[in-house]
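Report on the structure given below.
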Amino acid sequence: MREEEIPYKGIEGIPIIREPGNAAKVNRGSWRLVRPVHHRDKCTRCKICYIYCPDAAINWTPDGPEINLTSCKGCMICAEECPTGAMTEEKEGA
Amino acid sequence: MKQTLVTGNEAAAWGARLVRAKYIPNFPITPQTECIETLARWSADGELPGTYFDRMESEHSVMSAAVGAAAVGTRVFTATSSQGLLLMHEVLYIAAGMRLPIVMANISRGLSAPVTLWSDHNDFLDQRDSGWLMFHAENNQEVLDMVLQAYRITEDPRVLLPAMVNMDGYVLSFTDEPINIPSPGQVEEFLPGYDPAHTIAHGRPITVGPPVLDEYSIFKAQNHVASRNALAVIEEVQDDFERIFGRRYHLVDGFMLEDAELVLVTQGSMSTTAKAAILEMRDEGIKVGLLRLRVIRPWPNEAVAGALKDAKAIAVIDRNVAPGKGGIMFPEIIETLYNLDRRPLVSGFVVGLGGKPQTESKVKEITHKLMDDLAAGRPRMEWNDLEET
Amino acid sequence: MQEFKSLKDIPEQDYFTGGSSTCAGCGPSLGLKLALKVLGPETIIINSAGCMTLLPLYPNTPLKASWIHNAIENAASTAAGARHGLDMLGDKDMNVVVYAGDGATYDIGFASLSAAAAKNERIIYICYNNQSYGNTGFQWSTATPYGSETKTTPRGKENPTGTTVVNKDMLKIMGAHRVYAATASLAYPVDFLNKLGRAKERDGFSYIELLGACTAGWNYDPRLTIKISKLAVRCGMWPLYEIEHGMLNLNKDFSELKPVDEFLNMQGRYRALPPNGVERLQGLINEHWAELKEYNGQRYV
Ligand SMILES: Cc1ncc(C[n+]2csc(CCOP(=O)(O)OP(=O)(O)O)c2C)c(N)n1
Ligand code: SF4
Ligand code: SF4
Ligand code: SF4
Ligand SMILES: [Mg+2]
């Protein structure tokens, strides 16, 4: 592109991100080798899994944890820390 | 209008005061000290209401703090010199890349080693490619005027880039000159408050300085276009400036160029001496003129080419050097003229490093050497000021 | 702010989303997620170059608060500028919070941190300490513990110990700046967030150092991030304490420390640390613990 043809974009042309939290839509599910599975019957709603998820991939709902598989990277901290075995692990694609 | 005797350092401080800069991070270095000491005194005396004068622990932190304050939409001023400017180098690119209109006075001084306290232009020319707008003043009035104009230009939505106002250490920084200091009301009329749309504000959470992948060159191109936009903005602001303050500036400062066969290209305070020498040479019938570069970035191609195209021979007088190459502005001038139908002969002169005074007789000597070059049809790259003491 | 008593008190609002490029199980990412629960959206996080710089990746960001990444060594100065800028604009309520790595904090950015602390700037400085230059691939910093292998302190015939330098005592250094200084752990989020809550109310500089378990660098299964963080506290590798007005307060006291072995065995970076190295490390831990016990409740710096 010729120099004089480069459009000036104003503040759109500045490297800032003006949509807070828009990474929520980015799919990190493809990183997973294993995925967490929640078992409502065993869950005491202690919030441990929710607190410790590094990717905020567990939403807290009145019914307890809800896993967001778009954000979940499959680290399995939730399953490791769940005191009741209500979070288990499953192989991806199994 | 009333004239006041002030040094270049004080003129820059007056600029910061009159634009109502809200944040002034600083770190001392000769010959800039008097500028920040002046601001410190005013701050202590309550003459800078609404301004925070912040003593930092290094120039790197000065520019970093300037970025932090500018990123939340504050009008920022600072000043530095030489080694201090070099320590900022990393953050200068960041300030430009983030498109933050910070204004900084640089009181030029040669770079170590060996140590010198005196002026040459290597310090700021080393920042030439950082994305900043780079201006260079000839005298103390221009220092003040440039600071005022710099804010108007950098804060323009078509530009949004930081700007450096350069002056020669000692020759201007510590020399009293009579200048007009405008009233706060006049400056407020010229430069209203600053309300940027691209910075962090309450209720406007944004992410500043993220890594990018493919977009890198797109953003660099925007930095470039914004800098080029500044050329028009610089010319545009002159009408308001002249109406309010009665002075007008141009992209380049031409002196006796109309019929000049020989042109000296200069920068900064030595231009005043060179102009005096030119008047004398004119009396001797030598058709010599001068082109002073006052806007270094963005580079005013057309203004420079237009001013030089009719000359027969040009001497580019560089108060700086890129060892292994030569004067820094020498190739920039050659490049600017390269595609003209008829190209003048261009010789380069490296002069005045470490503050060696440039006298009228030295200017005349350069002019005569240029005449020799023209007669011989052979340009030169010459080092002056090498005689040992 | 009301102190949290248990996990259940921790706010359910997040200002941090998924979708970042940090490793699965990344401790420092979790630290920021938790911190933002207390800090809220009217916060500017000032980040130094490091692993966390990759949280946002244009055009996406997991942050629902503001963020400035400037360079590696200047987070504290950038924060000072932002703080004063906001104050001059009349916006006193916005939190200005540094989130910086140990390399940026202990090493290359130490001068700027020290100045901001000495000036008692109204900033919260959180150092997430993964005990290395993590982003560049896990090299040695002055926060790396004795005996840890890193890419620039590999074990070899000449040097089987790996890191032979003993890490800086950063808390003591910061305490000597007459500011609030505290350690924190991901395995004790209530303690961490209460410290942060107190820092937020303070009219001056606070320094909180969070051990940021690093699955990639420390070389462990990502699921163990919390387990390892907890063990670090239990074995005295990462005691929880705070210094305020020069006084020491040990937040988690134990009658007996666990031996360091279990902690070491969980991580690849300590694999093959020879027995005399383990012994020396245990000695260093014991010495530090004894010092904390001795000065607990007393003037420390
Ligand atoms: C001046 C400079 N030198 C080196 C680097 C390269 N660098 C980027 S991140 C990093 C590591 C920083 O370590 P730390 O602060 O502990 O953060 P971590 O990466 O561990 O999260 C380094 C050395 C840089 N960005 N800037
Ligand atoms: S940790 Fe286990 S028991 Fe607790 S809320 Fe999560 S799934 Fe339920
Ligand atoms: S596996 Fe890891 S990322 Fe996925 S929900 Fe559990 S803690 Fe979160
Ligand atoms: S290397 Fe360590 S600190 Fe860095 S992103 Fe991965 S886990 Fe987090
Ligand atoms: Mg680190």
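Starting from 1 in every chain, residues are counted up; chains themselves are A, B, ... following the order of the structure tokens, and ligands are numbered from 1 as listed.
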
*Do you know which residues are within 12 Å of ligand 2 using only C-alpha atoms and all ligand atoms? Can you write them as a PyMOL selection string?*
(chain A and resi 36-53+58-67+76-89) or (chain C and resi 7-8)

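Near stretch 225-238 of chain B, within a cut-off of 8 Å and counting only C-alpha atoms, sit the residues Glu3, Ile6 and Tyr8 of chain A; Gly131, Trp132, Leu133, Gln149, Arg152, Ile153, Thr154, Asp156, Arg158, Val159, Leu160, Leu161, Ala221, Glu242, Arg248, Tyr249, His250, Leu251, Arg297, Pro298, Trp299 and Pro300 of chain B, with same-chain residues fewer than 4 positions away left out.
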
*Find the residues in chain C near chain B: any atom within 6 Å counts, using only C-alpha atoms. Write them as a list in words.*
Pro56, Leu57, Tyr58, Ala65, Ser66, Trp67, Ile68, His69, Ser77, Thr78, Gly81, Ala82 and Gly85 of chain C

*Neighbour list for B:Gln267 as a ChimeraX atom specification, cut-off 12 Å, only C-alpha atoms, skip fewer than 6 positions in-chain*: /B:108,120-121,125,135-139,166-168,252-254,273-275,290-296,316-320,328-330,351-352,358

*Using the chain letters and numbers from this document, which residues of chain A does DSSP assign to strand (DSSP E), as an MDAnalysis selection string?*
chainID A and resid 16:17 34:38 58:61 64:67 87:91

Since we have the selection now, will you write its residues out, keeping N, CA, C and O atoms, as an mmCIF file, in the first residue's frame?
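Written file, result_30.cif:
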data_model
loop_
_atom_site.group_PDB
_atom_site.id
_atom_site.type_symbol
_atom_site.label_atom_id
_atom_site.label_comp_id
_atom_site.auth_asym_id
_atom_site.auth_seq_id
_atom_site.Cartn_x
_atom_site.Cartn_y
_atom_site.Cartn_z
ATOM 1 N N ILE A 16 -5.035 -0.718 21.896
ATOM 2 C CA ILE A 16 -5.700 -0.890 23.179
ATOM 3 C C ILE A 16 -6.892 -1.807 22.954
ATOM 4 O O ILE A 16 -7.391 -1.906 21.841
ATOM 5 N N ILE A 17 -7.320 -2.488 24.007
ATOM 6 C CA ILE A 17 -8.503 -3.348 23.899
ATOM 7 C C ILE A 17 -9.612 -2.670 24.682
ATOM 8 O O ILE A 17 -9.451 -2.388 25.873
ATOM 9 N N VAL A 34 -7.876 -33.856 29.166
ATOM 10 C CA VAL A 34 -8.906 -34.430 30.037
ATOM 11 C C VAL A 34 -9.873 -33.314 30.398
ATOM 12 O O VAL A 34 -9.510 -32.141 30.347
ATOM 13 N N ARG A 35 -11.081 -33.719 30.756
ATOM 14 C CA ARG A 35 -12.064 -32.699 31.141
ATOM 15 C C ARG A 35 -12.707 -33.048 32.481
ATOM 16 O O ARG A 35 -12.823 -34.219 32.847
ATOM 17 N N PRO A 36 -13.080 -31.998 33.247
ATOM 18 C CA PRO A 36 -13.743 -32.259 34.526
ATOM 19 C C PRO A 36 -15.226 -32.557 34.298
ATOM 20 O O PRO A 36 -15.848 -31.971 33.412
ATOM 21 N N VAL A 37 -15.740 -33.480 35.091
ATOM 22 C CA VAL A 37 -17.169 -33.795 35.032
ATOM 23 C C VAL A 37 -17.739 -33.624 36.429
ATOM 24 O O VAL A 37 -17.181 -34.144 37.411
ATOM 25 N N HIS A 38 -18.815 -32.889 36.523
ATOM 26 C CA HIS A 38 -19.388 -32.584 37.833
ATOM 27 C C HIS A 38 -20.530 -33.528 38.160
ATOM 28 O O HIS A 38 -21.373 -33.806 37.301
ATOM 29 N N ILE A 58 -15.226 -21.986 35.927
ATOM 30 C CA ILE A 58 -16.348 -22.516 36.707
ATOM 31 C C ILE A 58 -17.200 -21.330 37.156
ATOM 32 O O ILE A 58 -16.712 -20.432 37.850
ATOM 33 N N ASN A 59 -18.424 -21.311 36.713
ATOM 34 C CA ASN A 59 -19.345 -20.260 37.174
ATOM 35 C C ASN A 59 -20.027 -20.758 38.427
ATOM 36 O O ASN A 59 -20.315 -21.947 38.549
ATOM 37 N N TRP A 60 -20.295 -19.850 39.325
ATOM 38 C CA TRP A 60 -21.029 -20.238 40.529
ATOM 39 C C TRP A 60 -22.503 -19.903 40.332
ATOM 40 O O TRP A 60 -22.856 -18.782 40.001
ATOM 41 N N THR A 61 -23.341 -20.897 40.473
ATOM 42 C CA THR A 61 -24.777 -20.700 40.296
ATOM 43 C C THR A 61 -25.475 -21.139 41.574
ATOM 44 O O THR A 61 -24.857 -21.798 42.418
ATOM 45 N N GLY A 64 -24.826 -24.567 42.381
ATOM 46 C CA GLY A 64 -23.457 -25.031 42.529
ATOM 47 C C GLY A 64 -22.628 -24.726 41.296
ATOM 48 O O GLY A 64 -22.969 -23.827 40.517
ATOM 49 N N PRO A 65 -21.521 -25.442 41.120
ATOM 50 C CA PRO A 65 -20.593 -25.111 40.037
ATOM 51 C C PRO A 65 -21.131 -25.491 38.660
ATOM 52 O O PRO A 65 -21.855 -26.472 38.525
ATOM 53 N N GLU A 66 -20.756 -24.666 37.672
ATOM 54 C CA GLU A 66 -21.141 -24.947 36.296
ATOM 55 C C GLU A 66 -19.886 -24.741 35.446
ATOM 56 O O GLU A 66 -19.318 -23.649 35.431
ATOM 57 N N ILE A 67 -19.477 -25.812 34.794
ATOM 58 C CA ILE A 67 -18.211 -25.744 34.062
ATOM 59 C C ILE A 67 -18.421 -25.158 32.671
ATOM 60 O O ILE A 67 -19.332 -25.552 31.959
ATOM 61 N N MET A 87 -16.152 -33.950 41.578
ATOM 62 C CA MET A 87 -15.553 -33.524 40.313
ATOM 63 C C MET A 87 -14.633 -34.668 39.887
ATOM 64 O O MET A 87 -13.702 -35.007 40.620
ATOM 65 N N THR A 88 -14.919 -35.254 38.746
ATOM 66 C CA THR A 88 -14.052 -36.337 38.296
ATOM 67 C C THR A 88 -13.478 -36.001 36.934
ATOM 68 O O THR A 88 -13.839 -35.006 36.318
ATOM 69 N N GLU A 89 -12.617 -36.871 36.489
ATOM 70 C CA GLU A 89 -11.879 -36.593 35.267
ATOM 71 C C GLU A 89 -12.295 -37.565 34.173
ATOM 72 O O GLU A 89 -12.539 -38.735 34.434
ATOM 73 N N GLU A 90 -12.365 -37.050 32.984
ATOM 74 C CA GLU A 90 -12.731 -37.899 31.845
ATOM 75 C C GLU A 90 -11.801 -37.547 30.697
ATOM 76 O O GLU A 90 -11.500 -36.374 30.483
ATOM 77 N N LYS A 91 -11.368 -38.586 29.961
ATOM 78 C CA LYS A 91 -10.494 -38.317 28.809
ATOM 79 C C LYS A 91 -11.277 -37.566 27.743
ATOM 80 O O LYS A 91 -12.433 -37.874 27.487
#

*Within-8 Å residues of ligand 1, basis only C-alpha atoms and all ligand atoms, as number ranges by chain*: B: 90; C: 28, 48-53, 71-73, 100-105, 108, 128-138, 141

*Interatomic distance between atom CA of C:Ala213 and atom 5 (S, counted along the ligand's line) of ligand 3?*
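So the two atoms, atom CA of C:Ala213 and atom 5 (S, counted along the ligand's line) of ligand 3, lie 17.6 Å apart.
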
_From C:Tyr270, C:Phe254, C:Phe192, C:Tyr220, residue lying nearest ligand 4 [only C-alpha atoms and all ligand atoms]_ =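 Result for the nearest residue to ligand 4: C:Tyr220.
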
*Select residues of chain A: the criterion is any atom within 10 Å of an atom of chain B, counting only C-alpha atoms; output as a ChimeraX atom specification.*
/A:3-21

Can you list every residue of chain C that has an atom at most 8 Å from chain A, with its nearest atom pair and the distance in Å to one decimal, using only C-alpha atoms, ordered by chain then number, as JSON lines?
{"residue": "C:Leu7", "atom": "CA", "partner": "A:Lys47", "partner_atom": "CA", "distance": 7.1}
{"residue": "C:Lys8", "atom": "CA", "partner": "A:Lys47", "partner_atom": "CA", "distance": 6.9}
{"residue": "C:Glu12", "atom": "CA", "partner": "A:Trp60", "partner_atom": "CA", "distance": 6.8}
{"residue": "C:Asp14", "atom": "CA", "partner": "A:Ala56", "partner_atom": "CA", "distance": 7.6}
{"residue": "C:Tyr15", "atom": "CA", "partner": "A:Gly21", "partner_atom": "CA", "distance": 7.6}
{"residue": "C:Phe16", "atom": "CA", "partner": "A:Gly21", "partner_atom": "CA", "distance": 6.6}
{"residue": "C:Thr17", "atom": "CA", "partner": "A:Ala24", "partner_atom": "CA", "distance": 5.3}
{"residue": "C:Gly18", "atom": "CA", "partner": "A:Asp55", "partner_atom": "CA", "distance": 4.5}
{"residue": "C:Gly19", "atom": "CA", "partner": "A:Val26", "partner_atom": "CA", "distance": 4.8}
{"residue": "C:Ser20", "atom": "CA", "partner": "A:Ala23", "partner_atom": "CA", "distance": 6.6}
{"residue": "C:Ala24", "atom": "CA", "partner": "A:Cys75", "partner_atom": "CA", "distance": 5.0}
{"residue": "C:Gly25", "atom": "CA", "partner": "A:Cys75", "partner_atom": "CA", "distance": 4.9}
{"residue": "C:Cys26", "atom": "CA", "partner": "A:Pro54", "partner_atom": "CA", "distance": 6.4}
{"residue": "C:Gly27", "atom": "CA", "partner": "A:Pro54", "partner_atom": "CA", "distance": 7.0}
{"residue": "C:Ser29", "atom": "CA", "partner": "A:Pro54", "partner_atom": "CA", "distance": 5.7}
{"residue": "C:Leu30", "atom": "CA", "partner": "A:Pro54", "partner_atom": "CA", "distance": 4.0}
{"residue": "C:Gly31", "atom": "CA", "partner": "A:Pro54", "partner_atom": "CA", "distance": 7.8}
{"residue": "C:Lys33", "atom": "CA", "partner": "A:Pro54", "partner_atom": "CA", "distance": 6.9}
{"residue": "C:Leu34", "atom": "CA", "partner": "A:Ile51", "partner_atom": "CA", "distance": 7.6}
{"residue": "C:Pro56", "atom": "CA", "partner": "A:Ala23", "partner_atom": "CA", "distance": 7.7}
{"residue": "C:Tyr58", "atom": "CA", "partner": "A:Ile17", "partner_atom": "CA", "distance": 6.8}
{"residue": "C:Pro59", "atom": "CA", "partner": "A:Ile17", "partner_atom": "CA", "distance": 6.0}
{"residue": "C:Asn60", "atom": "CA", "partner": "A:Ala23", "partner_atom": "CA", "distance": 4.7}
{"residue": "C:Thr61", "atom": "CA", "partner": "A:Ala23", "partner_atom": "CA", "distance": 4.8}
{"residue": "C:Pro62", "atom": "CA", "partner": "A:Gly21", "partner_atom": "CA", "distance": 4.4}
{"residue": "C:Leu63", "atom": "CA", "partner": "A:Gly21", "partner_atom": "CA", "distance": 4.9}
{"residue": "C:Lys64", "atom": "CA", "partner": "A:Pro20", "partner_atom": "CA", "distance": 4.5}
{"residue": "C:Ala65", "atom": "CA", "partner": "A:Pro20", "partner_atom": "CA", "distance": 6.9}
{"residue": "C:Pro222", "atom": "CA", "partner": "A:Cys75", "partner_atom": "CA", "distance": 5.3}
{"residue": "C:Arg223", "atom": "CA", "partner": "A:Ile77", "partner_atom": "CA", "distance": 4.2}
{"residue": "C:Leu224", "atom": "CA", "partner": "A:Ile77", "partner_atom": "CA", "distance": 6.6}
{"residue": "C:Thr225", "atom": "CA", "partner": "A:Ile77", "partner_atom": "CA", "distance": 7.0}
{"residue": "C:Ile226", "atom": "CA", "partner": "A:Ile77", "partner_atom": "CA", "distance": 7.3}

_Let's see if you can do this: from backbone DSSP, list all helix (DSSP H, G or I) residues in stretch 86-302 of chain B, as an MDAnalysis selection string._
chainID B and resid 86:97 122:125 140:154 184:190 216:245 270:283 301:302

*Can you pull out every residue within 9 Å of C:Tyr300, counting only C-alpha atoms, but drop anything in the same chain fewer than 3 positions away, and send it as a PyMOL selection string?*
chain C and resi 172+175-176+243+246-248+292+295-297

*When you draw a straight line from atom CA of B:Tyr194 to atom CA of C:Lys92, how long is it in Å?*
18.7 Å

*For ligand 4, which of C:Val165, C:Leu39, C:Leu171, C:Cys214 is the closest residue, counting only C-alpha atoms and all ligand atoms?*
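Counting only C-alpha atoms and all ligand atoms, the residue closest to ligand 4 is C:Cys214.
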